[in-house]
Amino acid sequence: MSESIPFTLEAGDYIAFLLYFAALIAIGYITGRKKNKSSTDYFLAGRSLPWYVVGSTYIAANISSEQFIGMIGAAYIYGICVATPEWSAVIAFSFLIWVFIPFLLNSKIFTGPEFLEQRFNRWVRDAFALLTIFMNIIVIMGAVLYGGALSIQEFFHLDQLPFLQSLQVNTSIDPIWFSILLLGSIAGIVAVYGGLKSVAWMDVITVAVMIFGGLTLTVMGWMLLGNEDGNSNGLFQSIKDGFGIMIERNKAEDGQWLNAVQNHISQLIFGADESTTYNRLSVLQPLQHRFFPWIHWAFSFFYVGLWYMVINQFMIQRIFAAKNIYHARVGIVFASYIKILLPFIVAIPGLILFAHHPEYLSLNDWDTAQQEADKGYVRLLQIIVPVGLRGLFLAAVFGAIQSTISAVLNSTSTVFTFDVVKRFFRPDANEKSLVKIGRLSSVVFLFLAMFWAYWLAGSGKGLFYYVQMFYSLAGPPFSALFLLGSIWPRINGKGAIASIVFGFSTSIILNFYSGILPSILGYEPQPYLSTFPIQALISWIVSMVSCTVVSLMTAPPRPEQVRDHLTFRIRSKLIKQGLGDRWYSSVTLWWAGSITLMFGLIIVFGIVL
């Protein structure tokens, strides 16, 4: 194992870090103190967000510590294929822009479960509302708080502070719990006070800092490689040379880079042996790939993306808050360009680190190699960024963590307020009461997530495995019923229920089959069925088939359940709304540009390199 990294910060780093959060809190307070008297103001920002805020807050809600910390480490191990979820998201965004935004906004709803009731029935709404609350607290917020707390420990060495050492001895409160409390309080205070409007405008600053800090780190990494000979080759030449060195070494065709890859080839690809080759520069990996097989490009939108990107409350709540359909559509186009850029911030640095230090992957113990890779962001800051500027880069990481927690917290309270309290307990609640319920429930959910994050800290579970397991379990059934229900008027509520029942059952069986069941019966699990993409794909297919069969065997839905704002029709007037009235503001033009860029990158990192 390599020696620990003496990561240090100076006064300038702390000042930059604190100024960033002070600016965030000020923006959150200013934007949140006005017009929060109605539920629409508090939960949907008064439906007033312009496109650049819609796009920024959509991305900020989606990015957290697992991108900065986890993806850089994963890119160090697996190569550029970890960019697959980011670039393939543009496909999901395309469906959102052209198919779903028009009727989601014309429904004039507050929550995704509310839409599902209009299209199917109350049972489907209740199931999705409960799943949303559970996933937001236990999976998303819990994991983000835990990952963020680990980052605080790694960067600021809280466990070495005399105050916390004394606190641990006298009260048994360990530094990780203090870190969770600190992070949750900072992220939650403005979200609870100001609602979605505060969170959304704070996210604009977060995304700007994230992009600037992330791209600066990447460029400085290329310069480091370009100047390895000890001579300064000039700014642009060193960047060009460094990029070339990164590409050449990540081909891993010889030397220590080849040895590093071959040392753990069986952990990268199921069934691999000494003769198996591995292309670190390709986003199109074989079916046997442990985490990123090629089917992710073809099917990830269908088995997880629809649930996560299109109907998941903490994502689509930003769309509901847009000024109008035009601003919603352009906002998602803007988010597409940020998604295309994101791997240059959270994946390319992993390739840079591998080019500079392949020896971490040469460690014989796979678990130790992964732990060392997860320190990739810290290593890059230590190697590349001078003391005094590191506070800016830490702000990018913690801004991403804060924005995700705030987004999930706000959306969870929205679902709880409208789909649980208003529906079952307070149907006549006035606007002031709804806002109060939203704030109180936010506080409760925040503390529940904190306690769960602390449990995760002591459970020994890997965050990547933990999150992927739940995503592959929850996503396929609802992705299937939403897709079919949106494009096919014949799908009914009973078919949707069948999708949920059979889809979840399949996911549970596959999870048992890939781990627990074989150990009980004494045989080895099939490696293909041990991967979450394959499990999710099978569950999605079962959900699609069961939804279709049951719908065709039962009565069709009522006419009011398949109106224009509930099902997609190619000739519907809704599709033509909000496309821009000038060529330079055309949704079609800018969307086409994002699609072209995405396929260009696939060609470069799938065929050319």
# chains A, B, ... in the order shown; residues from 1 in each chain; ligands from 1
>>> residues_around(residues="segment 139-143 of chain A", least_positions_apart="3", cutoff="8 Å", atoms="only C-alpha atoms", output="list in words")
Phe134, Met135, Asn136, Tyr146, Gly147, Thr404, Ile405, Val408, Leu409, Ala449, Met450, Trp452, Ala453, Leu456, Leu463, Tyr466, Val467 and Phe470 of chain A
>>> write_last_selection(atoms="N, CA and C atoms", output="mmCIF file, in the first residue's frame")
data_model
loop_
_atom_site.group_PDB
_atom_site.id
_atom_site.type_symbol
_atom_site.label_atom_id
_atom_site.label_comp_id
_atom_site.auth_asym_id
_atom_site.auth_seq_id
_atom_site.Cartn_x
_atom_site.Cartn_y
_atom_site.Cartn_z
ATOM 1 N N PHE A 134 -38.670 6.720 0.176
ATOM 2 C CA PHE A 134 -37.681 5.744 0.642
ATOM 3 C C PHE A 134 -36.344 5.923 -0.072
ATOM 4 N N MET A 135 -36.365 5.988 -1.394
ATOM 5 C CA MET A 135 -35.122 6.098 -2.164
ATOM 6 C C MET A 135 -34.399 7.400 -1.851
ATOM 7 N N ASN A 136 -35.148 8.491 -1.712
ATOM 8 C CA ASN A 136 -34.520 9.780 -1.446
ATOM 9 C C ASN A 136 -33.802 9.809 -0.108
ATOM 10 N N TYR A 146 -23.022 10.377 3.606
ATOM 11 C CA TYR A 146 -21.916 9.515 4.018
ATOM 12 C C TYR A 146 -20.678 9.796 3.167
ATOM 13 N N GLY A 147 -20.849 9.828 1.831
ATOM 14 C CA GLY A 147 -19.709 10.113 0.959
ATOM 15 C C GLY A 147 -19.134 11.491 1.201
ATOM 16 N N THR A 404 -26.947 18.552 -4.186
ATOM 17 C CA THR A 404 -27.711 17.301 -4.265
ATOM 18 C C THR A 404 -28.555 17.095 -3.018
ATOM 19 N N ILE A 405 -27.974 17.319 -1.851
ATOM 20 C CA ILE A 405 -28.727 17.151 -0.607
ATOM 21 C C ILE A 405 -29.918 18.108 -0.581
ATOM 22 N N VAL A 408 -32.654 16.904 -3.122
ATOM 23 C CA VAL A 408 -33.388 15.717 -2.692
ATOM 24 C C VAL A 408 -34.270 16.039 -1.490
ATOM 25 N N LEU A 409 -33.771 16.861 -0.587
ATOM 26 C CA LEU A 409 -34.550 17.241 0.593
ATOM 27 C C LEU A 409 -35.816 17.984 0.189
ATOM 28 N N ALA A 449 -32.043 10.971 7.286
ATOM 29 C CA ALA A 449 -30.947 10.701 6.348
ATOM 30 C C ALA A 449 -29.599 10.747 7.057
ATOM 31 N N MET A 450 -29.448 11.664 8.024
ATOM 32 C CA MET A 450 -28.202 11.738 8.780
ATOM 33 C C MET A 450 -27.949 10.457 9.562
ATOM 34 N N TRP A 452 -29.175 7.518 8.935
ATOM 35 C CA TRP A 452 -28.910 6.419 8.007
ATOM 36 C C TRP A 452 -27.486 6.513 7.452
ATOM 37 N N ALA A 453 -27.027 7.729 7.174
ATOM 38 C CA ALA A 453 -25.653 7.912 6.697
ATOM 39 C C ALA A 453 -24.658 7.413 7.736
ATOM 40 N N LEU A 456 -24.556 3.724 7.545
ATOM 41 C CA LEU A 456 -23.752 3.303 6.397
ATOM 42 C C LEU A 456 -22.266 3.366 6.715
ATOM 43 N N LEU A 463 -20.165 2.312 -1.343
ATOM 44 C CA LEU A 463 -21.224 3.211 -1.789
ATOM 45 C C LEU A 463 -21.643 2.937 -3.229
ATOM 46 N N TYR A 466 -23.770 -0.155 -3.248
ATOM 47 C CA TYR A 466 -25.016 0.119 -2.527
ATOM 48 C C TYR A 466 -25.998 0.897 -3.406
ATOM 49 N N VAL A 467 -25.536 1.977 -4.038
ATOM 50 C CA VAL A 467 -26.408 2.810 -4.866
ATOM 51 C C VAL A 467 -26.860 2.057 -6.115
ATOM 52 N N PHE A 470 -29.715 -0.528 -5.494
ATOM 53 C CA PHE A 470 -31.055 0.027 -5.349
ATOM 54 C C PHE A 470 -31.573 0.627 -6.661
#
>>> atom_distance(atom1="atom CA of Ile332 of chain A", atom2="atom CA of Ile311 of chain A")
14.3 Å
>>> closest_residue(among="A:Thr368, A:Ser238, A:Asn279, A:Thr57", to="Val199 of chain A", atoms="only C-alpha atoms")
A:Thr57
>>> closest_atom_pairs(of="segment 279-321 of chain A", to="segment 122-129 of chain A", cutoff="12 Å", atoms="only C-alpha atoms", output="Markdown table")
| residue | atom | partner | partner_atom | distance |
| --- | --- | --- | --- | --- |
| A:Trp307 | CA | A:Phe128 | CA | 10.4 |
| A:Ile311 | CA | A:Phe128 | CA | 9.8 |
| A:Asn312 | CA | A:Phe128 | CA | 9.4 |
| A:Gln313 | CA | A:Ala129 | CA | 9.3 |
>>> write_last_selection(atoms="N, CA and C atoms", output="PDB file, in the first residue's frame")
ATOM      1  N   TRP A 307     -36.748   6.372 -15.238  1.00  0.00           N
ATOM      2  CA  TRP A 307     -37.117   6.583 -13.840  1.00  0.00           C
ATOM      3  C   TRP A 307     -36.294   7.707 -13.226  1.00  0.00           C
ATOM      4  N   ILE A 311     -38.986  10.892 -14.452  1.00  0.00           N
ATOM      5  CA  ILE A 311     -40.117  10.857 -13.534  1.00  0.00           C
ATOM      6  C   ILE A 311     -39.690  10.970 -12.082  1.00  0.00           C
ATOM      7  N   ASN A 312     -38.393  10.898 -11.805  1.00  0.00           N
ATOM      8  CA  ASN A 312     -37.878  11.034 -10.446  1.00  0.00           C
ATOM      9  C   ASN A 312     -38.098  12.462  -9.959  1.00  0.00           C
ATOM     10  N   GLN A 313     -38.734  12.631  -8.816  1.00  0.00           N
ATOM     11  CA  GLN A 313     -39.182  13.944  -8.379  1.00  0.00           C
ATOM     12  C   GLN A 313     -38.052  14.950  -8.214  1.00  0.00           C
TER      13      GLN A 313
END
>>> atom_distance(atom1="atom CA of Val397 of chain A", atom2="atom CA of Met210 of chain A")
7.2 Å
>>> atom_distance(atom1="atom CA of Trp294 of chain A", atom2="atom CA of Ser275 of chain A")
20.9 Å
>>> residues_around(residues="Ala480 of chain A", least_positions_apart="4", cutoff="7 Å", atoms="only C-alpha atoms", output="list of chain:residue names")
A:Pro476, A:Leu484, A:Trp540, A:Ser543, A:Met544
>>> closest_residue(among="A:Ile77, A:Ala61, A:Ile91, A:Leu510", to="Ala298 of chain A", atoms="only C-alpha atoms")
A:Ile91
>>> residues_around(residues="Phe416 of chain A", least_positions_apart="6", cutoff="10 Å", atoms="only C-alpha atoms", output="NGL selection string")
:A and (111 or 129-130 or 132-133 or 422-423 or 437-438 or 441-442)
>>> write_last_selection(atoms="N, CA, C and O atoms", output="PDB file, in the first residue's frame")
ATOM      1  N   THR A 111     -46.081  16.949  -8.584  1.00  0.00           N
ATOM      2  CA  THR A 111     -45.222  15.788  -8.360  1.00  0.00           C
ATOM      3  C   THR A 111     -45.398  14.730  -9.445  1.00  0.00           C
ATOM      4  O   THR A 111     -46.438  14.666 -10.116  1.00  0.00           O
ATOM      5  N   ALA A 129     -45.018   7.186  -4.769  1.00  0.00           N
ATOM      6  CA  ALA A 129     -44.736   8.186  -3.734  1.00  0.00           C
ATOM      7  C   ALA A 129     -43.919   7.574  -2.598  1.00  0.00           C
ATOM      8  O   ALA A 129     -42.926   8.154  -2.138  1.00  0.00           O
ATOM      9  N   LEU A 130     -44.333   6.395  -2.131  1.00  0.00           N
ATOM     10  CA  LEU A 130     -43.605   5.729  -1.045  1.00  0.00           C
ATOM     11  C   LEU A 130     -42.200   5.337  -1.484  1.00  0.00           C
ATOM     12  O   LEU A 130     -41.238   5.478  -0.722  1.00  0.00           O
ATOM     13  N   THR A 132     -40.424   6.846  -3.758  1.00  0.00           N
ATOM     14  CA  THR A 132     -39.652   8.076  -3.887  1.00  0.00           C
ATOM     15  C   THR A 132     -39.116   8.530  -2.538  1.00  0.00           C
ATOM     16  O   THR A 132     -37.934   8.886  -2.410  1.00  0.00           O
ATOM     17  N   ILE A 133     -39.982   8.534  -1.521  1.00  0.00           N
ATOM     18  CA  ILE A 133     -39.547   8.958  -0.188  1.00  0.00           C
ATOM     19  C   ILE A 133     -38.461   8.025   0.340  1.00  0.00           C
ATOM     20  O   ILE A 133     -37.439   8.466   0.894  1.00  0.00           O
ATOM     21  N   LYS A 422     -51.494  15.972   2.274  1.00  0.00           N
ATOM     22  CA  LYS A 422     -52.662  16.644   1.685  1.00  0.00           C
ATOM     23  C   LYS A 422     -53.700  15.630   1.213  1.00  0.00           C
ATOM     24  O   LYS A 422     -54.906  15.862   1.313  1.00  0.00           O
ATOM     25  N   ARG A 423     -53.245  14.507   0.735  1.00  0.00           N
ATOM     26  CA  ARG A 423     -54.167  13.530   0.166  1.00  0.00           C
ATOM     27  C   ARG A 423     -54.897  12.719   1.220  1.00  0.00           C
ATOM     28  O   ARG A 423     -56.092  12.456   1.105  1.00  0.00           O
ATOM     29  N   ILE A 437     -45.879  22.495   6.529  1.00  0.00           N
ATOM     30  CA  ILE A 437     -45.689  21.041   6.502  1.00  0.00           C
ATOM     31  C   ILE A 437     -44.423  20.688   5.724  1.00  0.00           C
ATOM     32  O   ILE A 437     -43.648  19.813   6.128  1.00  0.00           O
ATOM     33  N   GLY A 438     -44.213  21.375   4.603  1.00  0.00           N
ATOM     34  CA  GLY A 438     -43.016  21.130   3.801  1.00  0.00           C
ATOM     35  C   GLY A 438     -41.739  21.399   4.573  1.00  0.00           C
ATOM     36  O   GLY A 438     -40.778  20.610   4.503  1.00  0.00           O
ATOM     37  N   SER A 441     -41.384  18.740   7.552  1.00  0.00           N
ATOM     38  CA  SER A 441     -41.022  17.412   7.042  1.00  0.00           C
ATOM     39  C   SER A 441     -39.590  17.391   6.518  1.00  0.00           C
ATOM     40  O   SER A 441     -38.895  16.379   6.625  1.00  0.00           O
ATOM     41  N   SER A 442     -39.124  18.515   5.974  1.00  0.00           N
ATOM     42  CA  SER A 442     -37.742  18.592   5.497  1.00  0.00           C
ATOM     43  C   SER A 442     -36.759  18.369   6.640  1.00  0.00           C
ATOM     44  O   SER A 442     -35.761  17.657   6.495  1.00  0.00           O
TER      45      SER A 442
END
>>> residues_around(residues="Gln262 of chain A", least_positions_apart="3", cutoff="8 Å", atoms="only C-alpha atoms", output="PyMOL selection string")
chain A and resi 258-259+265+274+277
>>> residues_around(residues="Ile541 of chain A", least_positions_apart="6", cutoff="10 Å", atoms="only C-alpha atoms", output="JSON, numbers by chain")
{"A": [302, 303, 476, 477, 480, 499, 503, 506, 547]}
>>> write_last_selection(atoms="C-alpha atoms", output="compact mmCIF listing (two decimals), in the first residue's frame")
# COMPACT_ATOMS: atom_id res chain seq x y z
CA PHE A 302 -34.97 2.50 -20.82
CA TYR A 303 -34.23 0.46 -17.70
CA PRO A 476 -36.92 -0.85 -14.28
CA PRO A 477 -40.59 -1.33 -13.23
CA ALA A 480 -41.36 0.42 -18.12
CA SER A 499 -45.23 -4.00 -14.11
CA GLY A 503 -40.57 -6.15 -12.10
CA THR A 506 -37.65 -10.28 -10.85
CA CYS A 547 -47.53 -4.48 -18.35
